[in-house]
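**Student:** Just one file: run.cif, with mmCIF, N, CA and C atoms.
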```cif
data_upload
#
loop_
_atom_site.label_atom_id
_atom_site.label_comp_id
_atom_site.auth_asym_id
_atom_site.auth_seq_id
_atom_site.Cartn_x
_atom_site.Cartn_y
_atom_site.Cartn_z
N MET D 1142 48.98 23.18 -70.43
CA MET D 1142 49.83 22.04 -70.71
C MET D 1142 50.25 21.39 -69.39
N VAL D 1143 50.44 20.08 -69.43
CA VAL D 1143 50.85 19.32 -68.25
C VAL D 1143 52.05 18.46 -68.61
N ASP D 1144 52.80 18.07 -67.58
CA ASP D 1144 54.04 17.33 -67.79
C ASP D 1144 54.10 16.09 -66.91
N ILE D 1145 54.85 15.10 -67.36
CA ILE D 1145 55.22 13.95 -66.55
C ILE D 1145 56.62 14.26 -66.01
N LEU D 1146 56.79 14.12 -64.71
CA LEU D 1146 58.08 14.44 -64.07
C LEU D 1146 58.54 13.27 -63.21
N HIS D 1147 59.82 12.93 -63.32
CA HIS D 1147 60.43 11.90 -62.47
C HIS D 1147 61.86 12.29 -62.14
N ARG D 1148 62.35 11.76 -61.03
CA ARG D 1148 63.75 11.94 -60.63
C ARG D 1148 64.28 10.60 -60.19
N VAL D 1149 65.49 10.25 -60.65
CA VAL D 1149 66.11 9.00 -60.23
C VAL D 1149 67.62 9.21 -60.11
N GLY D 1150 68.20 8.62 -59.08
CA GLY D 1150 69.65 8.62 -58.91
C GLY D 1150 70.20 7.28 -59.38
N ILE D 1151 71.27 7.34 -60.15
CA ILE D 1151 71.90 6.13 -60.69
C ILE D 1151 73.35 6.13 -60.26
N ARG D 1152 73.77 5.06 -59.61
CA ARG D 1152 75.16 4.99 -59.14
C ARG D 1152 76.08 4.82 -60.35
N SER D 1153 76.49 5.96 -60.90
CA SER D 1153 77.34 6.00 -62.10
C SER D 1153 77.73 7.44 -62.36
N SER D 1154 78.36 7.64 -63.49
CA SER D 1154 78.66 9.01 -63.91
C SER D 1154 77.55 9.51 -64.82
N ALA D 1155 77.38 10.81 -64.85
CA ALA D 1155 76.41 11.41 -65.78
C ALA D 1155 76.80 11.10 -67.22
N ALA D 1156 78.09 10.97 -67.48
CA ALA D 1156 78.56 10.65 -68.83
C ALA D 1156 78.07 9.26 -69.26
N GLU D 1157 78.04 8.32 -68.33
CA GLU D 1157 77.57 6.97 -68.66
C GLU D 1157 76.06 6.97 -68.96
N VAL D 1158 75.30 7.74 -68.19
CA VAL D 1158 73.87 7.85 -68.46
C VAL D 1158 73.65 8.52 -69.81
N TYR D 1159 74.40 9.57 -70.08
CA TYR D 1159 74.30 10.27 -71.36
C TYR D 1159 74.50 9.29 -72.52
N GLU D 1160 75.47 8.41 -72.40
CA GLU D 1160 75.73 7.43 -73.46
C GLU D 1160 74.54 6.49 -73.65
N ALA D 1161 73.89 6.11 -72.55
CA ALA D 1161 72.72 5.22 -72.64
C ALA D 1161 71.53 5.93 -73.29
N LEU D 1162 71.55 7.26 -73.32
CA LEU D 1162 70.47 8.04 -73.92
C LEU D 1162 70.76 8.46 -75.36
N THR D 1163 71.97 8.26 -75.82
CA THR D 1163 72.35 8.78 -77.14
C THR D 1163 72.91 7.74 -78.09
N THR D 1164 72.95 6.48 -77.69
CA THR D 1164 73.44 5.43 -78.59
C THR D 1164 72.34 4.40 -78.80
N ALA D 1165 72.30 3.78 -79.96
CA ALA D 1165 71.31 2.75 -80.25
C ALA D 1165 71.43 1.60 -79.26
N GLU D 1166 72.65 1.20 -78.97
CA GLU D 1166 72.87 0.10 -78.03
C GLU D 1166 72.35 0.46 -76.64
N GLY D 1167 72.65 1.67 -76.20
CA GLY D 1167 72.19 2.11 -74.88
C GLY D 1167 70.67 2.16 -74.81
N LEU D 1168 70.03 2.79 -75.79
CA LEU D 1168 68.58 2.92 -75.81
C LEU D 1168 67.88 1.56 -75.88
N ALA D 1169 68.43 0.66 -76.68
CA ALA D 1169 67.86 -0.68 -76.81
C ALA D 1169 68.04 -1.50 -75.54
N GLY D 1170 68.99 -1.10 -74.71
CA GLY D 1170 69.25 -1.83 -73.47
C GLY D 1170 68.30 -1.52 -72.34
N TRP D 1171 67.57 -0.40 -72.45
CA TRP D 1171 66.65 -0.07 -71.35
C TRP D 1171 65.23 0.28 -71.79
N TRP D 1172 65.00 0.73 -73.07
CA TRP D 1172 63.65 1.17 -73.45
C TRP D 1172 62.96 0.16 -74.35
N THR D 1173 63.46 -0.06 -75.54
CA THR D 1173 62.89 -1.10 -76.41
C THR D 1173 64.00 -1.70 -77.26
N THR D 1174 63.97 -3.00 -77.39
CA THR D 1174 65.01 -3.67 -78.18
C THR D 1174 64.90 -3.29 -79.65
N ASN D 1175 63.72 -2.83 -80.07
CA ASN D 1175 63.51 -2.42 -81.46
C ASN D 1175 63.74 -0.92 -81.59
N THR D 1176 65.00 -0.54 -81.59
CA THR D 1176 65.41 0.87 -81.63
C THR D 1176 66.31 1.11 -82.83
N GLN D 1177 65.99 2.16 -83.57
CA GLN D 1177 66.86 2.66 -84.64
C GLN D 1177 67.26 4.07 -84.22
N SER D 1178 68.56 4.37 -84.26
CA SER D 1178 68.97 5.64 -83.68
C SER D 1178 70.02 6.36 -84.50
N ASP D 1179 69.78 7.63 -84.67
CA ASP D 1179 70.79 8.59 -85.09
C ASP D 1179 70.81 9.65 -83.99
N GLY D 1180 70.69 9.16 -82.74
CA GLY D 1180 70.49 10.02 -81.58
C GLY D 1180 71.70 10.71 -81.06
N ASP D 1181 72.86 10.44 -81.64
CA ASP D 1181 74.07 11.14 -81.19
C ASP D 1181 74.37 12.34 -82.08
N ASN D 1182 73.40 12.74 -82.92
CA ASN D 1182 73.55 13.91 -83.80
C ASN D 1182 72.36 14.84 -83.63
N LEU D 1183 72.64 16.14 -83.54
CA LEU D 1183 71.55 17.11 -83.51
C LEU D 1183 70.73 16.98 -84.78
N GLY D 1184 69.43 16.99 -84.62
CA GLY D 1184 68.54 16.81 -85.76
C GLY D 1184 68.34 15.37 -86.15
N GLY D 1185 69.06 14.46 -85.49
CA GLY D 1185 68.94 13.04 -85.80
C GLY D 1185 67.57 12.50 -85.43
N LEU D 1186 67.23 11.36 -85.99
CA LEU D 1186 65.93 10.74 -85.76
C LEU D 1186 66.10 9.47 -84.94
N LEU D 1187 65.27 9.34 -83.92
CA LEU D 1187 65.20 8.13 -83.10
C LEU D 1187 63.88 7.44 -83.42
N GLN D 1188 63.94 6.14 -83.66
CA GLN D 1188 62.73 5.38 -83.95
C GLN D 1188 62.64 4.25 -82.93
N PHE D 1189 61.55 4.28 -82.15
CA PHE D 1189 61.32 3.30 -81.10
C PHE D 1189 60.05 2.54 -81.45
N ARG D 1190 60.12 1.20 -81.50
CA ARG D 1190 58.96 0.38 -81.82
C ARG D 1190 58.68 -0.59 -80.68
N PHE D 1191 57.39 -0.70 -80.37
CA PHE D 1191 56.89 -1.57 -79.32
C PHE D 1191 55.80 -2.45 -79.93
N SER D 1192 55.38 -3.48 -79.22
CA SER D 1192 54.32 -4.34 -79.74
C SER D 1192 53.03 -3.55 -79.97
N ALA D 1193 52.79 -2.51 -79.16
CA ALA D 1193 51.56 -1.73 -79.27
C ALA D 1193 51.72 -0.50 -80.17
N GLY D 1194 52.85 -0.30 -80.80
CA GLY D 1194 53.05 0.86 -81.66
C GLY D 1194 54.45 1.42 -81.52
N GLY D 1195 54.60 2.72 -81.76
CA GLY D 1195 55.93 3.29 -81.66
C GLY D 1195 55.94 4.80 -81.75
N PHE D 1196 57.16 5.33 -81.67
CA PHE D 1196 57.39 6.77 -81.65
C PHE D 1196 58.61 7.10 -82.49
N ASP D 1197 58.57 8.25 -83.15
CA ASP D 1197 59.75 8.82 -83.80
C ASP D 1197 60.03 10.14 -83.10
N MET D 1198 61.30 10.36 -82.78
CA MET D 1198 61.69 11.57 -82.07
C MET D 1198 62.88 12.22 -82.76
N LYS D 1199 62.86 13.53 -82.79
CA LYS D 1199 63.95 14.31 -83.35
C LYS D 1199 64.81 14.82 -82.20
N VAL D 1200 66.14 14.73 -82.36
CA VAL D 1200 67.06 15.20 -81.34
C VAL D 1200 67.21 16.71 -81.46
N LEU D 1201 66.78 17.44 -80.42
CA LEU D 1201 66.85 18.90 -80.42
C LEU D 1201 68.07 19.46 -79.71
N GLU D 1202 68.54 18.74 -78.69
CA GLU D 1202 69.67 19.25 -77.92
C GLU D 1202 70.50 18.11 -77.37
N LEU D 1203 71.81 18.27 -77.43
CA LEU D 1203 72.78 17.33 -76.86
C LEU D 1203 73.84 18.13 -76.13
N ASP D 1204 73.91 17.98 -74.83
CA ASP D 1204 74.94 18.62 -74.01
C ASP D 1204 75.57 17.52 -73.17
N PRO D 1205 76.68 16.94 -73.63
CA PRO D 1205 77.25 15.75 -72.99
C PRO D 1205 77.34 15.84 -71.47
N GLY D 1206 76.75 14.83 -70.83
CA GLY D 1206 76.76 14.74 -69.38
C GLY D 1206 75.82 15.71 -68.69
N LYS D 1207 75.04 16.51 -69.46
CA LYS D 1207 74.17 17.53 -68.87
C LYS D 1207 72.71 17.42 -69.30
N ARG D 1208 72.49 17.25 -70.62
CA ARG D 1208 71.11 17.28 -71.10
C ARG D 1208 70.96 16.62 -72.46
N VAL D 1209 69.82 15.97 -72.63
CA VAL D 1209 69.38 15.42 -73.91
C VAL D 1209 67.92 15.84 -74.07
N LEU D 1210 67.56 16.37 -75.25
CA LEU D 1210 66.19 16.82 -75.48
C LEU D 1210 65.70 16.29 -76.82
N TRP D 1211 64.54 15.62 -76.79
CA TRP D 1211 63.91 15.07 -77.98
C TRP D 1211 62.54 15.71 -78.17
N GLU D 1212 62.10 15.79 -79.44
CA GLU D 1212 60.73 16.18 -79.74
C GLU D 1212 60.05 15.04 -80.48
N VAL D 1213 58.84 14.70 -80.06
CA VAL D 1213 58.09 13.62 -80.70
C VAL D 1213 57.51 14.15 -82.01
N VAL D 1214 57.89 13.51 -83.13
CA VAL D 1214 57.43 13.93 -84.45
C VAL D 1214 56.45 12.94 -85.08
N ASP D 1215 56.36 11.72 -84.53
CA ASP D 1215 55.40 10.74 -85.02
C ASP D 1215 55.09 9.75 -83.91
N GLY D 1216 53.85 9.30 -83.88
CA GLY D 1216 53.40 8.37 -82.86
C GLY D 1216 51.97 8.67 -82.49
N PRO D 1217 51.55 8.28 -81.28
CA PRO D 1217 50.19 8.57 -80.85
C PRO D 1217 49.93 10.08 -80.87
N GLU D 1218 48.71 10.44 -81.20
CA GLU D 1218 48.35 11.86 -81.32
C GLU D 1218 48.72 12.65 -80.06
N GLU D 1219 48.52 12.06 -78.88
CA GLU D 1219 48.80 12.76 -77.63
C GLU D 1219 50.28 13.09 -77.47
N TRP D 1220 51.15 12.33 -78.12
CA TRP D 1220 52.59 12.53 -77.97
C TRP D 1220 53.16 13.53 -78.98
N ILE D 1221 52.56 13.65 -80.14
CA ILE D 1221 53.14 14.48 -81.19
C ILE D 1221 53.25 15.93 -80.72
N GLY D 1222 54.45 16.48 -80.85
CA GLY D 1222 54.73 17.84 -80.41
C GLY D 1222 55.20 17.94 -78.97
N THR D 1223 55.09 16.86 -78.19
CA THR D 1223 55.62 16.89 -76.83
C THR D 1223 57.14 16.73 -76.88
N GLN D 1224 57.78 17.04 -75.78
CA GLN D 1224 59.23 16.91 -75.69
C GLN D 1224 59.62 16.03 -74.52
N VAL D 1225 60.67 15.25 -74.72
CA VAL D 1225 61.22 14.40 -73.69
C VAL D 1225 62.58 14.98 -73.32
N ASP D 1226 62.69 15.44 -72.08
CA ASP D 1226 63.85 16.21 -71.61
C ASP D 1226 64.56 15.42 -70.51
N TRP D 1227 65.82 15.15 -70.74
CA TRP D 1227 66.66 14.42 -69.79
C TRP D 1227 67.69 15.38 -69.22
N GLY D 1228 67.48 15.86 -68.00
CA GLY D 1228 68.46 16.68 -67.32
C GLY D 1228 69.37 15.78 -66.50
N LEU D 1229 70.67 15.98 -66.63
CA LEU D 1229 71.64 15.13 -65.94
C LEU D 1229 72.54 15.99 -65.05
N ASP D 1230 72.86 15.45 -63.87
CA ASP D 1230 73.77 16.13 -62.95
C ASP D 1230 74.53 15.06 -62.18
N GLN D 1231 75.65 15.44 -61.62
CA GLN D 1231 76.45 14.51 -60.83
C GLN D 1231 76.38 14.94 -59.37
N ALA D 1232 76.03 14.01 -58.48
CA ALA D 1232 75.99 14.25 -57.04
C ALA D 1232 76.73 13.12 -56.36
N ASP D 1233 77.99 13.38 -56.01
CA ASP D 1233 78.85 12.34 -55.44
C ASP D 1233 78.95 11.16 -56.40
N ASP D 1234 78.58 9.96 -55.93
CA ASP D 1234 78.69 8.76 -56.77
C ASP D 1234 77.47 8.53 -57.64
N TYR D 1235 76.54 9.48 -57.66
CA TYR D 1235 75.29 9.30 -58.38
C TYR D 1235 75.13 10.29 -59.53
N ALA D 1236 74.64 9.76 -60.64
CA ALA D 1236 74.14 10.61 -61.71
C ALA D 1236 72.66 10.82 -61.37
N VAL D 1237 72.25 12.07 -61.32
CA VAL D 1237 70.85 12.38 -61.03
C VAL D 1237 70.16 12.73 -62.35
N VAL D 1238 69.08 12.01 -62.63
CA VAL D 1238 68.31 12.23 -63.84
C VAL D 1238 67.02 12.95 -63.46
N LEU D 1239 66.84 14.14 -64.01
CA LEU D 1239 65.57 14.86 -63.89
C LEU D 1239 64.87 14.71 -65.24
N PHE D 1240 63.84 13.91 -65.24
CA PHE D 1240 63.13 13.54 -66.46
C PHE D 1240 61.84 14.34 -66.59
N LYS D 1241 61.58 14.85 -67.80
CA LYS D 1241 60.33 15.53 -68.09
C LYS D 1241 59.81 15.07 -69.45
N HIS D 1242 58.57 14.64 -69.48
CA HIS D 1242 57.87 14.45 -70.76
C HIS D 1242 56.85 15.58 -70.76
N GLN D 1243 57.19 16.65 -71.46
CA GLN D 1243 56.47 17.91 -71.31
C GLN D 1243 55.66 18.30 -72.53
N GLY D 1244 54.62 19.09 -72.25
CA GLY D 1244 53.82 19.63 -73.33
C GLY D 1244 52.55 18.87 -73.65
N TRP D 1245 52.13 17.96 -72.76
CA TRP D 1245 50.86 17.27 -72.97
C TRP D 1245 49.75 18.32 -72.94
N LYS D 1246 48.79 18.21 -73.83
CA LYS D 1246 47.70 19.18 -73.91
C LYS D 1246 46.76 19.08 -72.71
N GLU D 1247 46.53 17.84 -72.24
CA GLU D 1247 45.68 17.62 -71.08
C GLU D 1247 46.01 16.27 -70.46
N PRO D 1248 45.65 16.09 -69.18
CA PRO D 1248 46.00 14.84 -68.49
C PRO D 1248 45.00 13.72 -68.78
N VAL D 1249 45.04 13.23 -70.00
CA VAL D 1249 44.15 12.14 -70.42
C VAL D 1249 44.60 10.82 -69.78
N GLU D 1250 43.74 9.82 -69.86
CA GLU D 1250 44.04 8.52 -69.26
C GLU D 1250 45.36 7.94 -69.79
N PHE D 1251 45.63 8.12 -71.07
CA PHE D 1251 46.87 7.63 -71.67
C PHE D 1251 48.10 8.24 -71.00
N MET D 1252 47.99 9.48 -70.56
CA MET D 1252 49.10 10.13 -69.86
C MET D 1252 49.40 9.42 -68.53
N HIS D 1253 48.35 9.00 -67.84
CA HIS D 1253 48.54 8.25 -66.58
C HIS D 1253 49.32 6.96 -66.85
N HIS D 1254 48.91 6.25 -67.91
CA HIS D 1254 49.61 5.03 -68.31
C HIS D 1254 51.08 5.33 -68.62
N CYS D 1255 51.31 6.37 -69.42
CA CYS D 1255 52.67 6.71 -69.84
C CYS D 1255 53.54 7.11 -68.65
N SER D 1256 52.96 7.79 -67.68
CA SER D 1256 53.73 8.18 -66.49
C SER D 1256 54.24 6.94 -65.75
N THR D 1257 53.37 5.95 -65.60
CA THR D 1257 53.78 4.71 -64.93
C THR D 1257 54.85 3.99 -65.76
N LYS D 1258 54.63 3.91 -67.08
CA LYS D 1258 55.61 3.23 -67.92
C LYS D 1258 56.96 3.95 -67.93
N TRP D 1259 56.95 5.30 -67.97
CA TRP D 1259 58.22 6.04 -67.90
C TRP D 1259 58.95 5.69 -66.60
N ALA D 1260 58.22 5.60 -65.49
CA ALA D 1260 58.87 5.25 -64.22
C ALA D 1260 59.52 3.87 -64.32
N LEU D 1261 58.81 2.92 -64.91
CA LEU D 1261 59.38 1.58 -65.08
C LEU D 1261 60.61 1.61 -65.97
N TYR D 1262 60.56 2.38 -67.06
CA TYR D 1262 61.71 2.44 -67.95
C TYR D 1262 62.89 3.20 -67.33
N LEU D 1263 62.61 4.16 -66.47
CA LEU D 1263 63.71 4.81 -65.73
C LEU D 1263 64.38 3.81 -64.80
N MET D 1264 63.60 2.92 -64.19
CA MET D 1264 64.19 1.87 -63.35
C MET D 1264 64.98 0.88 -64.22
N SER D 1265 64.52 0.66 -65.45
CA SER D 1265 65.25 -0.18 -66.39
C SER D 1265 66.59 0.47 -66.75
N LEU D 1266 66.57 1.78 -66.99
CA LEU D 1266 67.82 2.52 -67.25
C LEU D 1266 68.78 2.40 -66.08
N LYS D 1267 68.26 2.58 -64.88
CA LYS D 1267 69.07 2.46 -63.66
C LYS D 1267 69.68 1.06 -63.56
N SER D 1268 68.85 0.05 -63.79
CA SER D 1268 69.32 -1.33 -63.73
C SER D 1268 70.38 -1.62 -64.79
N LEU D 1269 70.15 -1.16 -66.01
CA LEU D 1269 71.12 -1.37 -67.08
C LEU D 1269 72.49 -0.82 -66.68
N ILE D 1270 72.51 0.37 -66.17
CA ILE D 1270 73.78 1.02 -65.86
C ILE D 1270 74.42 0.42 -64.60
N GLU D 1271 73.62 0.13 -63.59
CA GLU D 1271 74.19 -0.37 -62.34
C GLU D 1271 74.51 -1.86 -62.37
N THR D 1272 73.76 -2.66 -63.16
CA THR D 1272 73.97 -4.11 -63.14
C THR D 1272 74.36 -4.69 -64.50
N GLY D 1273 74.20 -3.89 -65.57
CA GLY D 1273 74.49 -4.38 -66.91
C GLY D 1273 73.31 -5.01 -67.60
N LYS D 1274 72.14 -5.05 -66.91
CA LYS D 1274 70.95 -5.66 -67.51
C LYS D 1274 69.73 -4.81 -67.24
N GLY D 1275 69.14 -4.27 -68.32
CA GLY D 1275 67.90 -3.51 -68.22
C GLY D 1275 66.71 -4.41 -68.50
N ALA D 1276 65.53 -3.78 -68.54
CA ALA D 1276 64.29 -4.51 -68.85
C ALA D 1276 63.54 -3.76 -69.96
N PRO D 1277 64.14 -3.73 -71.17
CA PRO D 1277 63.47 -3.03 -72.28
C PRO D 1277 62.31 -3.86 -72.82
N ASP D 1278 61.38 -3.19 -73.52
CA ASP D 1278 60.33 -3.91 -74.22
C ASP D 1278 61.00 -4.89 -75.19
N PRO D 1279 60.61 -6.12 -75.28
CA PRO D 1279 59.41 -6.75 -74.74
C PRO D 1279 59.60 -7.41 -73.38
N HIS D 1280 60.66 -7.11 -72.66
CA HIS D 1280 60.96 -7.75 -71.38
C HIS D 1280 60.58 -6.88 -70.19
N ASP D 1281 59.85 -5.79 -70.43
CA ASP D 1281 59.45 -4.87 -69.38
C ASP D 1281 58.24 -5.40 -68.61
N VAL D 1282 57.90 -4.72 -67.53
CA VAL D 1282 56.72 -5.06 -66.75
C VAL D 1282 55.49 -4.56 -67.52
N LYS D 1283 54.57 -5.44 -67.77
CA LYS D 1283 53.32 -5.07 -68.45
C LYS D 1283 52.33 -4.63 -67.39
N ILE D 1284 51.73 -3.46 -67.58
CA ILE D 1284 50.87 -2.91 -66.54
C ILE D 1284 49.39 -2.93 -66.88
N ASP D 1285 49.04 -3.15 -68.14
CA ASP D 1285 47.63 -3.21 -68.52
C ASP D 1285 47.48 -3.74 -69.93
N ASN D 1286 46.26 -3.68 -70.45
CA ASN D 1286 46.00 -4.22 -71.79
C ASN D 1286 46.52 -3.33 -72.91
N TRP D 1287 47.16 -2.19 -72.60
CA TRP D 1287 47.73 -1.32 -73.63
C TRP D 1287 49.14 -1.74 -74.01
N ASP D 1288 49.77 -2.58 -73.22
CA ASP D 1288 51.16 -2.98 -73.48
C ASP D 1288 51.22 -4.00 -74.58
#
```
Could I get this structure in the form of structure tokens?
**Tutor:**
Amino acid sequence: MVDILHRVGIRSSAAEVYEALTTAEGLAGWWTTNTQSDGDNLGGLLQFRFSAGGFDMKVLELDPGKRVLWEVVDGPEEWIGTQVDWGLDQADDYAVVLFKHQGWKEPVEFMHHCSTKWALYLMSLKSLIETGKGAPDPHDVKIDNWD
């Protein structure tokens, strides 16, 4: 199994980042405007839709200001059964996000695309929290013909 890994510091509190990961308004502000969320409840379902498709994720863990863990239950075959893990920590004036999209069966070309897109969406999350304006789909940077 292989994982996508990223780290980003956001000038804010870990609690503020946690809110952006667990509320429909927060998620729609940085990932996709077409978000349906019951993400503030364990076992809740998150539904994310993009022009090229979408994902459904089940909330497996919520530890306020520390961790959010989702499991992909519907979407592209490569994503089903993978987990999206948001580790949060506070370092001075920064919330540090340790991001993992883990459990990929193999590093297929789609994984390379997703790694780049996750990096862009992490920058969107950072921008949303630091400036009040993210770049969620459909306003994100398009990187290829898969977007």
**Student:** Please write the residues picked by the PyMOL selection byres (((chain D and resi 1219 and name CA) around 9) and name CA) on this file as an MDAnalysis selection string.
**Tutor:** chainID D and resid 1216:1218 1220:1223 1245:1247 1249 1251:1252
**Student:** Those same residues, written as a PDB file, keeping the file's coordinate frame with N, CA and C atoms?
**Tutor:**
```
ATOM      1  N   GLY D1216      53.850   9.300 -83.880  1.00  0.00           N
ATOM      2  CA  GLY D1216      53.400   8.370 -82.860  1.00  0.00           C
ATOM      3  C   GLY D1216      51.970   8.670 -82.490  1.00  0.00           C
ATOM      4  N   PRO D1217      51.550   8.280 -81.280  1.00  0.00           N
ATOM      5  CA  PRO D1217      50.190   8.570 -80.850  1.00  0.00           C
ATOM      6  C   PRO D1217      49.930  10.080 -80.870  1.00  0.00           C
ATOM      7  N   GLU D1218      48.710  10.440 -81.200  1.00  0.00           N
ATOM      8  CA  GLU D1218      48.350  11.860 -81.320  1.00  0.00           C
ATOM      9  C   GLU D1218      48.720  12.650 -80.060  1.00  0.00           C
ATOM     10  N   TRP D1220      51.150  12.330 -78.120  1.00  0.00           N
ATOM     11  CA  TRP D1220      52.590  12.530 -77.970  1.00  0.00           C
ATOM     12  C   TRP D1220      53.160  13.530 -78.980  1.00  0.00           C
ATOM     13  N   ILE D1221      52.560  13.650 -80.140  1.00  0.00           N
ATOM     14  CA  ILE D1221      53.140  14.480 -81.190  1.00  0.00           C
ATOM     15  C   ILE D1221      53.250  15.930 -80.720  1.00  0.00           C
ATOM     16  N   GLY D1222      54.450  16.480 -80.850  1.00  0.00           N
ATOM     17  CA  GLY D1222      54.730  17.840 -80.410  1.00  0.00           C
ATOM     18  C   GLY D1222      55.200  17.940 -78.970  1.00  0.00           C
ATOM     19  N   THR D1223      55.090  16.860 -78.190  1.00  0.00           N
ATOM     20  CA  THR D1223      55.620  16.890 -76.830  1.00  0.00           C
ATOM     21  C   THR D1223      57.140  16.730 -76.880  1.00  0.00           C
ATOM     22  N   TRP D1245      52.130  17.960 -72.760  1.00  0.00           N
ATOM     23  CA  TRP D1245      50.860  17.270 -72.970  1.00  0.00           C
ATOM     24  C   TRP D1245      49.750  18.320 -72.940  1.00  0.00           C
ATOM     25  N   LYS D1246      48.790  18.210 -73.830  1.00  0.00           N
ATOM     26  CA  LYS D1246      47.700  19.180 -73.910  1.00  0.00           C
ATOM     27  C   LYS D1246      46.760  19.080 -72.710  1.00  0.00           C
ATOM     28  N   GLU D1247      46.530  17.840 -72.240  1.00  0.00           N
ATOM     29  CA  GLU D1247      45.680  17.620 -71.080  1.00  0.00           C
ATOM     30  C   GLU D1247      46.010  16.270 -70.460  1.00  0.00           C
ATOM     31  N   VAL D1249      45.040  13.230 -70.000  1.00  0.00           N
ATOM     32  CA  VAL D1249      44.150  12.140 -70.420  1.00  0.00           C
ATOM     33  C   VAL D1249      44.600  10.820 -69.780  1.00  0.00           C
ATOM     34  N   PHE D1251      45.630   8.120 -71.070  1.00  0.00           N
ATOM     35  CA  PHE D1251      46.870   7.630 -71.670  1.00  0.00           C
ATOM     36  C   PHE D1251      48.100   8.240 -71.000  1.00  0.00           C
ATOM     37  N   MET D1252      47.990   9.480 -70.560  1.00  0.00           N
ATOM     38  CA  MET D1252      49.100  10.130 -69.860  1.00  0.00           C
ATOM     39  C   MET D1252      49.400   9.420 -68.530  1.00  0.00           C
TER      40      MET D1252
END
```
**Student:** Going by DSSP on the backbone, which residues of chain D come out as alpha helix (DSSP H)? List them as a count of residues only.
**Tutor:** 39
**Student:** List as a PDB file with N, CA and C atoms, in the frame of the given file the protein and nucleic acid residues near stretch 1193-1197 of chain D, meaning an atom at most 9 Å away when only C-alpha atoms are counted, but skip any in the same chain fewer than 3 places from it.
**Tutor:**
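selection_24.pdb written:
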```pdb
ATOM      1  N   LEU D1186      67.230  11.360 -85.990  1.00  0.00           N
ATOM      2  CA  LEU D1186      65.930  10.740 -85.760  1.00  0.00           C
ATOM      3  C   LEU D1186      66.100   9.470 -84.940  1.00  0.00           C
ATOM      4  N   LEU D1187      65.270   9.340 -83.920  1.00  0.00           N
ATOM      5  CA  LEU D1187      65.200   8.130 -83.100  1.00  0.00           C
ATOM      6  C   LEU D1187      63.880   7.440 -83.420  1.00  0.00           C
ATOM      7  N   GLN D1188      63.940   6.140 -83.660  1.00  0.00           N
ATOM      8  CA  GLN D1188      62.730   5.380 -83.950  1.00  0.00           C
ATOM      9  C   GLN D1188      62.640   4.250 -82.930  1.00  0.00           C
ATOM     10  N   PHE D1189      61.550   4.280 -82.150  1.00  0.00           N
ATOM     11  CA  PHE D1189      61.320   3.300 -81.100  1.00  0.00           C
ATOM     12  C   PHE D1189      60.050   2.540 -81.450  1.00  0.00           C
ATOM     13  N   ARG D1190      60.120   1.200 -81.500  1.00  0.00           N
ATOM     14  CA  ARG D1190      58.960   0.380 -81.820  1.00  0.00           C
ATOM     15  C   ARG D1190      58.680  -0.590 -80.680  1.00  0.00           C
ATOM     16  N   GLU D1212      62.100  15.790 -79.440  1.00  0.00           N
ATOM     17  CA  GLU D1212      60.730  16.180 -79.740  1.00  0.00           C
ATOM     18  C   GLU D1212      60.050  15.040 -80.480  1.00  0.00           C
ATOM     19  N   VAL D1213      58.840  14.700 -80.060  1.00  0.00           N
ATOM     20  CA  VAL D1213      58.090  13.620 -80.700  1.00  0.00           C
ATOM     21  C   VAL D1213      57.510  14.150 -82.010  1.00  0.00           C
ATOM     22  N   VAL D1214      57.890  13.510 -83.130  1.00  0.00           N
ATOM     23  CA  VAL D1214      57.430  13.930 -84.450  1.00  0.00           C
ATOM     24  C   VAL D1214      56.450  12.940 -85.080  1.00  0.00           C
ATOM     25  N   ASP D1215      56.360  11.720 -84.530  1.00  0.00           N
ATOM     26  CA  ASP D1215      55.400  10.740 -85.020  1.00  0.00           C
ATOM     27  C   ASP D1215      55.090   9.750 -83.910  1.00  0.00           C
ATOM     28  N   GLY D1216      53.850   9.300 -83.880  1.00  0.00           N
ATOM     29  CA  GLY D1216      53.400   8.370 -82.860  1.00  0.00           C
ATOM     30  C   GLY D1216      51.970   8.670 -82.490  1.00  0.00           C
ATOM     31  N   PRO D1217      51.550   8.280 -81.280  1.00  0.00           N
ATOM     32  CA  PRO D1217      50.190   8.570 -80.850  1.00  0.00           C
ATOM     33  C   PRO D1217      49.930  10.080 -80.870  1.00  0.00           C
ATOM     34  N   TRP D1220      51.150  12.330 -78.120  1.00  0.00           N
ATOM     35  CA  TRP D1220      52.590  12.530 -77.970  1.00  0.00           C
ATOM     36  C   TRP D1220      53.160  13.530 -78.980  1.00  0.00           C
ATOM     37  N   ILE D1221      52.560  13.650 -80.140  1.00  0.00           N
ATOM     38  CA  ILE D1221      53.140  14.480 -81.190  1.00  0.00           C
ATOM     39  C   ILE D1221      53.250  15.930 -80.720  1.00  0.00           C
ATOM     40  N   TRP D1287      47.160  -2.190 -72.600  1.00  0.00           N
ATOM     41  CA  TRP D1287      47.730  -1.320 -73.630  1.00  0.00           C
ATOM     42  C   TRP D1287      49.140  -1.740 -74.010  1.00  0.00           C
ATOM     43  N   ASP D1288      49.770  -2.580 -73.220  1.00  0.00           N
ATOM     44  CA  ASP D1288      51.160  -2.980 -73.480  1.00  0.00           C
ATOM     45  C   ASP D1288      51.220  -4.000 -74.580  1.00  0.00           C
TER      46      ASP D1288
END
```
**Student:** D:Cys1255, D:Leu1266, D:Ala1260, D:Val1225: which is nearest D:Gln1243, counting only N, CA and C atoms?
**Tutor:**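 Answer, going by the shortest atom-to-atom distance: D:Val1225.
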**Student:** Once the PyMOL selection byres (((chain D and resi 1236 and name CA) around 10) and name CA) has been applied to the shown file, what residues remain in the selection, as a list in words?
**Tutor:**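 Here the PyMOL selection byres (((chain D and resi 1236 and name CA) around 10) and name CA) matches Val1149, Gly1150, Ile1151, Arg1152, Ser1153, Ser1154, Ala1155, Ala1156, Glu1157, Val1158, Tyr1159, Gly1206, Lys1207, Leu1229, Asp1230, Gln1231, Ala1232, Asp1233, Asp1234, Tyr1235, Val1237, Val1238, Leu1239 and Lys1267 of chain D.
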